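Structure data (CSV, C-alpha atoms and all ligand atoms) from target_25.csv:
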```
chain,number,residue,atom,x,y,z
A,996,MET,CA,0.0,0.0,0.0
A,997,LYS,CA,1.1,3.6,-0.6
A,998,ARG,CA,1.7,5.6,2.5
A,999,SER,CA,-0.5,8.3,1.0
A,1000,GLU,CA,-3.4,5.8,0.8
A,1001,ILE,CA,-2.8,4.8,4.5
A,1002,ASN,CA,-2.8,8.5,5.6
A,1003,THR,CA,-6.1,9.1,3.8
A,1004,ILE,CA,-7.6,5.9,5.3
A,1005,MET,CA,-6.5,7.1,8.8
A,1006,ALA,CA,-8.0,10.6,8.4
A,1007,GLU,CA,-11.3,9.2,7.1
A,1008,ALA,CA,-11.5,6.5,9.8
A,1009,ASP,CA,-10.9,9.1,12.5
A,1010,ALA,CA,-13.6,11.4,11.1
A,1011,PHE,CA,-16.0,8.4,10.8
A,1012,ALA,CA,-15.4,7.3,14.4
A,1013,ARG,CA,-15.9,10.9,15.7
A,1014,ARG,CA,-19.2,11.1,13.8
A,1015,HIS,CA,-20.3,8.1,15.9
A,1016,GLN,CA,-19.0,9.8,19.1
A,1017,PHE,CA,-16.2,7.2,19.3
A,1018,TYR,CA,-12.8,8.7,20.2
A,1019,LEU,CA,-9.4,7.2,20.0
A,1020,PRO,CA,-6.8,7.5,22.8
A,1021,PRO,CA,-4.1,10.2,22.8
A,1022,PHE,CA,-1.3,8.1,21.4
A,1023,ALA,CA,-3.3,7.7,18.2
A,1024,TYR,CA,-2.3,11.3,17.3
A,1025,TRP,CA,1.4,11.3,18.2
A,1026,SER,CA,3.4,12.5,15.2
A,1027,PRO,CA,6.5,10.7,14.0
A,1028,ASP,CA,8.6,13.4,15.7
A,1029,GLU,CA,6.7,13.0,19.0
A,1030,TRP,CA,7.4,9.2,18.7
A,1031,HIS,CA,11.1,9.9,18.4
A,1032,ALA,CA,10.9,11.9,21.7
A,1033,LYS,CA,9.1,9.2,23.7
A,1034,GLY,CA,10.9,7.2,26.3
A,1035,PRO,CA,10.3,3.9,28.2
A,1036,GLU,CA,7.0,5.2,29.6
A,1037,ALA,CA,5.4,4.4,26.2
A,1038,ARG,CA,6.7,0.9,26.0
A,1039,GLU,CA,3.4,-0.8,26.5
A,1040,ILE,CA,2.0,0.7,23.3
A,1041,VAL,CA,4.9,-0.8,21.3
A,1042,GLU,CA,5.2,-4.1,23.2
A,1043,HIS,CA,1.4,-4.9,23.2
A,1044,ASP,CA,0.9,-3.9,19.6
A,1045,LEU,CA,-1.4,-1.0,20.3
A,1046,GLY,CA,-2.4,1.5,17.6
A,1047,TRP,CA,-3.2,1.9,14.0
A,1048,ASP,CA,-3.3,-1.3,11.9
A,1049,ILE,CA,-4.4,-1.1,8.3
A,1050,THR,CA,-4.1,-4.1,6.0
A,1051,ASP,CA,-4.8,-5.1,2.4
A,1052,PHE,CA,-3.8,-8.6,3.4
A,1053,GLY,CA,-0.9,-8.2,1.0
A,1054,LEU,CA,-3.1,-8.3,-2.0
A,1055,GLY,CA,-3.0,-4.7,-3.1
A,1056,ASP,CA,-6.8,-3.9,-3.3
A,1057,TYR,CA,-7.7,-2.5,0.1
A,1058,HIS,CA,-11.3,-1.5,-0.8
A,1059,LYS,CA,-12.1,-5.0,-2.0
A,1060,LEU,CA,-10.1,-7.0,0.5
A,1061,GLY,CA,-8.9,-5.0,3.5
A,1062,LEU,CA,-9.5,-4.0,7.0
A,1063,PHE,CA,-9.1,-1.0,9.2
A,1064,MET,CA,-8.2,-1.7,12.8
A,1065,PHE,CA,-7.0,0.2,15.8
A,1066,THR,CA,-5.9,-1.7,18.8
A,1067,ILE,CA,-7.0,0.3,21.8
A,1068,ARG,CA,-5.9,-2.1,24.6
A,1069,ASN,CA,-4.2,-5.5,24.7
A,1070,GLY,CA,-2.4,-7.8,27.1
A,1071,THR,CA,0.3,-10.3,26.3
A,1072,PRO,CA,0.3,-14.0,25.6
A,1073,GLU,CA,2.2,-14.3,28.9
A,1074,ASN,CA,-0.8,-12.6,30.7
A,1075,LEU,CA,-3.1,-15.1,29.2
A,1076,LYS,CA,-0.9,-18.1,30.0
A,1077,LEU,CA,-0.7,-17.0,33.7
A,1078,GLY,CA,-4.3,-15.9,33.9
A,1079,ARG,CA,-3.1,-12.6,35.5
A,1080,GLY,CA,-3.0,-9.0,34.5
A,1081,LYS,CA,-4.4,-7.8,31.2
A,1082,VAL,CA,-5.9,-10.9,29.7
A,1083,TYR,CA,-8.2,-8.9,27.4
A,1084,ALA,CA,-8.1,-6.7,24.3
A,1085,GLU,CA,-10.2,-4.2,22.5
A,1086,LYS,CA,-10.1,-3.0,18.9
A,1087,LEU,CA,-12.0,-0.6,16.8
A,1088,LEU,CA,-12.6,-1.9,13.2
A,1089,ILE,CA,-14.1,-0.1,10.3
A,1090,VAL,CA,-15.6,-2.2,7.5
A,1091,ASP,CA,-16.9,-0.7,4.2
A,1092,VAL,CA,-19.7,-2.0,2.0
A,1093,ASP,CA,-18.4,-5.2,0.3
A,1094,GLN,CA,-15.0,-4.8,1.8
A,1095,VAL,CA,-14.1,-8.3,2.7
A,1096,THR,CA,-11.9,-9.7,5.5
A,1097,PRO,CA,-11.3,-13.3,4.3
A,1098,PHE,CA,-12.0,-16.5,6.1
A,1099,HIS,CA,-9.8,-17.1,9.2
A,1100,PHE,CA,-10.1,-18.4,12.7
A,1101,HIS,CA,-8.1,-17.9,15.8
A,1102,TRP,CA,-6.4,-20.7,17.7
A,1103,THR,CA,-6.5,-19.0,21.1
A,1104,LYS,CA,-8.5,-15.7,20.9
A,1105,VAL,CA,-12.2,-15.6,21.7
A,1106,GLU,CA,-13.7,-12.5,20.2
A,1107,ASP,CA,-17.0,-10.6,20.4
A,1108,ILE,CA,-17.6,-8.7,17.2
A,1109,ILE,CA,-20.0,-5.8,17.9
A,1110,ASN,CA,-21.8,-3.6,15.4
A,1111,ARG,CA,-21.5,-0.2,17.1
A,1112,GLY,CA,-23.2,1.9,14.4
A,1113,GLY,CA,-23.5,2.6,10.7
A,1114,GLY,CA,-24.5,-0.1,8.2
A,1115,LYS,CA,-24.9,-3.8,8.7
A,1116,LEU,CA,-22.1,-6.3,9.3
A,1117,MET,CA,-22.4,-9.6,7.5
A,1118,LEU,CA,-20.5,-12.6,8.8
A,1119,HIS,CA,-20.1,-15.9,6.9
A,1120,LEU,CA,-19.4,-18.8,9.3
A,1121,TYR,CA,-18.1,-22.4,9.2
A,1122,ASN,CA,-16.6,-24.7,11.7
A,1123,SER,CA,-13.1,-25.8,10.9
A,1124,MET,CA,-11.9,-29.3,10.1
A,1125,PRO,CA,-8.9,-30.7,12.1
A,1126,GLU,CA,-6.7,-30.4,8.9
A,1127,GLY,CA,-7.8,-26.7,8.5
A,1128,GLY,CA,-10.6,-26.8,5.8
A,1129,LEU,CA,-14.2,-25.7,6.1
A,1130,ALA,CA,-16.4,-28.3,7.9
A,1131,ASP,CA,-20.0,-29.1,6.9
A,1132,THR,CA,-21.2,-29.4,10.5
A,1133,ASP,CA,-23.8,-27.2,12.2
A,1134,ILE,CA,-22.6,-24.2,14.0
A,1135,THR,CA,-23.5,-23.1,17.6
A,1136,VAL,CA,-22.9,-19.4,18.4
A,1137,SER,CA,-24.0,-17.0,21.1
A,1138,MET,CA,-25.4,-13.6,19.9
A,1139,ASP,CA,-26.0,-11.1,22.6
A,1140,GLY,CA,-26.6,-13.9,25.2
A,1141,VAL,CA,-28.9,-16.0,23.0
A,1142,VAL,CA,-27.7,-19.3,21.6
A,1143,HIS,CA,-28.2,-19.9,17.9
A,1144,HIS,CA,-27.8,-23.3,16.0
A,1145,LEU,CA,-27.0,-22.5,12.4
A,1146,PRO,CA,-26.2,-24.7,9.3
A,1147,ALA,CA,-22.7,-24.7,7.9
A,1148,GLY,CA,-22.0,-21.7,5.8
A,1149,ALA,CA,-24.7,-19.6,7.5
A,1150,ILE,CA,-24.5,-15.8,6.9
A,1151,VAL,CA,-25.3,-13.8,10.0
A,1152,THR,CA,-26.4,-10.1,9.9
A,1153,LEU,CA,-25.5,-7.8,12.7
A,1154,SER,CA,-27.4,-4.5,12.9
A,1155,PRO,CA,-26.2,-1.6,15.0
A,1156,GLY,CA,-26.2,-2.7,18.7
A,1157,GLU,CA,-25.9,-6.5,17.9
A,1158,SER,CA,-22.9,-8.7,18.5
A,1159,ILE,CA,-21.7,-12.2,18.2
A,1160,THR,CA,-19.2,-14.3,20.1
A,1161,LEU,CA,-16.7,-16.1,17.8
A,1162,PRO,CA,-15.2,-19.1,19.6
A,1163,THR,CA,-11.8,-20.5,18.7
A,1164,GLY,CA,-11.7,-22.6,15.6
A,1165,LEU,CA,-14.8,-21.0,14.0
A,1166,TYR,CA,-14.0,-19.7,10.5
A,1167,HIS,CA,-15.4,-16.2,9.9
A,1168,LYS,CA,-15.3,-13.9,6.9
A,1169,PHE,CA,-17.0,-10.5,7.0
A,1170,TRP,CA,-18.0,-7.4,5.1
A,1171,GLY,CA,-20.3,-4.4,5.4
A,1172,ALA,CA,-23.7,-3.9,3.8
A,1173,GLU,CA,-25.8,-0.8,3.3
A,1174,GLY,CA,-23.2,1.6,4.7
A,1175,ARG,CA,-19.7,1.8,6.4
A,1176,VAL,CA,-19.8,0.0,9.8
A,1177,LEU,CA,-18.2,1.0,13.0
A,1178,VAL,CA,-17.3,-2.3,14.6
A,1179,GLY,CA,-16.0,-3.1,18.1
A,1180,GLU,CA,-13.9,-6.1,19.0
A,1181,VAL,CA,-13.7,-7.2,22.6
A,1182,SER,CA,-11.6,-10.3,23.1
A,1183,THR,CA,-9.0,-12.2,25.0
A,1184,VAL,CA,-5.4,-11.2,24.3
A,1185,ASN,CA,-4.7,-10.6,20.7
A,1186,ASP,CA,-1.6,-11.9,19.0
A,1187,ASP,CA,-1.6,-11.3,15.3
A,1188,HIS,CA,1.8,-12.9,14.8
A,1189,THR,CA,0.8,-16.4,15.7
A,1190,ASP,CA,-3.0,-16.7,16.4
A,1191,ASN,CA,-4.6,-16.2,12.9
A,1192,ARG,CA,-5.3,-19.2,10.7
A,1193,PHE,CA,-6.4,-17.9,7.2
A,1194,LEU,CA,-8.2,-20.4,4.9
A,1195,GLU,CA,-6.3,-19.1,1.9
A,1196,PRO,CA,-2.8,-17.9,2.6
A,1197,VAL,CA,-2.7,-14.1,2.8
A,1198,GLY,CA,-0.3,-11.5,4.3
A,1199,ARG,CA,-1.5,-10.1,7.6
A,1200,PHE,CA,0.5,-6.8,7.3
A,1201,PRO,CA,0.8,-4.6,4.2
A,1202,THR,CA,4.0,-3.8,2.2
A,1203,ILE,CA,4.3,0.0,2.3
A,1204,GLU,CA,5.6,2.2,-0.5
A,1205,GLU,CA,6.8,5.5,1.2
A,1206,ASP,CA,5.5,8.2,-1.2
A,1207,GLU,CA,4.9,10.7,1.6
A,1208,PRO,CA,5.6,11.0,5.3
A,1209,PRO,CA,3.3,9.1,7.7
A,1210,LEU,CA,0.5,11.1,9.2
A,1211,TYR,CA,0.5,8.7,12.3
A,1212,LEU,CA,2.5,5.6,12.8
A,1213,LEU,CA,1.1,2.1,12.0
A,1214,MET,CA,2.1,-0.5,14.7
A,1215,GLY,CA,4.6,-1.8,12.1
A,1216,ASP,CA,6.4,1.5,12.1
A,1217,TYR,CA,7.3,1.6,15.8
A,1218,SER,CA,10.6,-0.2,15.3
A,1219,ARG,CA,11.7,2.6,12.9
A,1220,PHE,CA,10.5,5.7,14.8
A,1221,TYR,CA,10.6,4.7,18.5
A,1222,GLY,CA,14.1,4.2,19.7
A,1223,LYS,CA,13.6,3.8,23.5
A,1224,SER,CA,12.1,0.3,23.5
B,1301,FE,FE,-11.2,-12.7,13.7
```

This structure in structure tokens:
Amino acid sequence: MKRSEINTIMAEADAFARRHQFYLPPFAYWSPDEWHAKGPEAREIVEHDLGWDITDFGLGDYHKLGLFMFTIRNGTPENLKLGRGKVYAEKLLIVDVDQVTPFHFHWTKVEDIINRGGGKLMLHLYNSMPEGGLADTDITVSMDGVVHHLPAGAIVTLSPGESITLPTGLYHKFWGAEGRVLVGEVSTVNDDHTDNRFLEPVGRFPTIEEDEPPLYLLMGDYSRFYGKS
């Protein structure tokens, strides 16, 4: 992705979230120069992978196959293993009409996906086979405290206010309908380096062409701009 495209997506996402009265934390707006000046007090942001996370899954067509994320809080795999400290995570996602996040499941993370406003969020669901394929077995999911038994390949619609709990091993693919969707994700600790199993191999992080300076840093930029870790 070009840096200029990422900068535009950041500015639009920030404006969209604000229109829904959803505000990002202060570190979202630190400039590259401010990052240079930060010391060890900001280490949690870097070490827990907080912040801006925009991906085209390495395929070069963000509007068709892409996802905007901002990790607001996150613990560490160590927290989760010990059952102590920050064992939870929260993200903001923004999903456009027909903008697909491809089929994947999580080995460890249990996530609630919440429609917080805007259009509708569509989720396509399958259980996974032990060898990693899509299973043809019925699915059981909890949606806002109510259990649902669905056939394999069911498509669930979340309207604003509605949510679904995605257990480990449940394949999910999602996209927006009728309008851009402000999506919340509340989960156990998030580890994007080891916990995602995509059905078709994709890249989790984009390759970036630096055609202008960053507006704000992506989490993948910290190693380059933050020297105090
Ligand atoms: Fe997921």

Write as number ranges by chain the residues around ligand FE 1301 (chain B), taking 10 Å as the cut-off and counting all atoms listed in the file. A: 1096-1101, 1104-1108, 1161-1163, 1165-1169, 1180, 1182, 1185, 1187, 1190-1193

Got a sec: who's within 7 Å of region 1136-1146 of chain A, counting all atoms listed in the file, leaving out chain neighbours fewer than 6 positions off, as a ChimeraX atom specification? /A:1157-1160

Shell around Tyr1018 (chain A) at 9 Å using only C-alpha atoms, local window under 5 positions removed, as an NGL selection string: :A and (1009 or 1012-1013)

Quick one: residues within 9 Å of Ala1084 (chain A), all atoms listed in the file counted, chain neighbours fewer than 6 positions away excluded, as a list in words? Thr1066, Ile1067, Arg1068, Asn1069, Gly1070, Glu1180, Val1181, Ser1182, Thr1183, Val1184 and Asn1185 of chain A

Contacts of Ile1150 (chain A) within 7 Å, all atoms listed in the file, excl. fewer than 5 positions in-chain, as a PyMOL selection string: chain A and resi 1117-1120

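The closest residue to Phe1022 (chain A), picked from A:Trp1170, A:Tyr1211, A:Phe1220, A:Phe1200 and counting only C-alpha atoms, is A:Tyr1211.
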
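Candidate residues A:Ile1089, A:Ala1032, A:Leu1212, A:Leu1129 were compared for distance to Leu1116 (chain A), and the nearest is A:Ile1089, using all atoms listed in the file.
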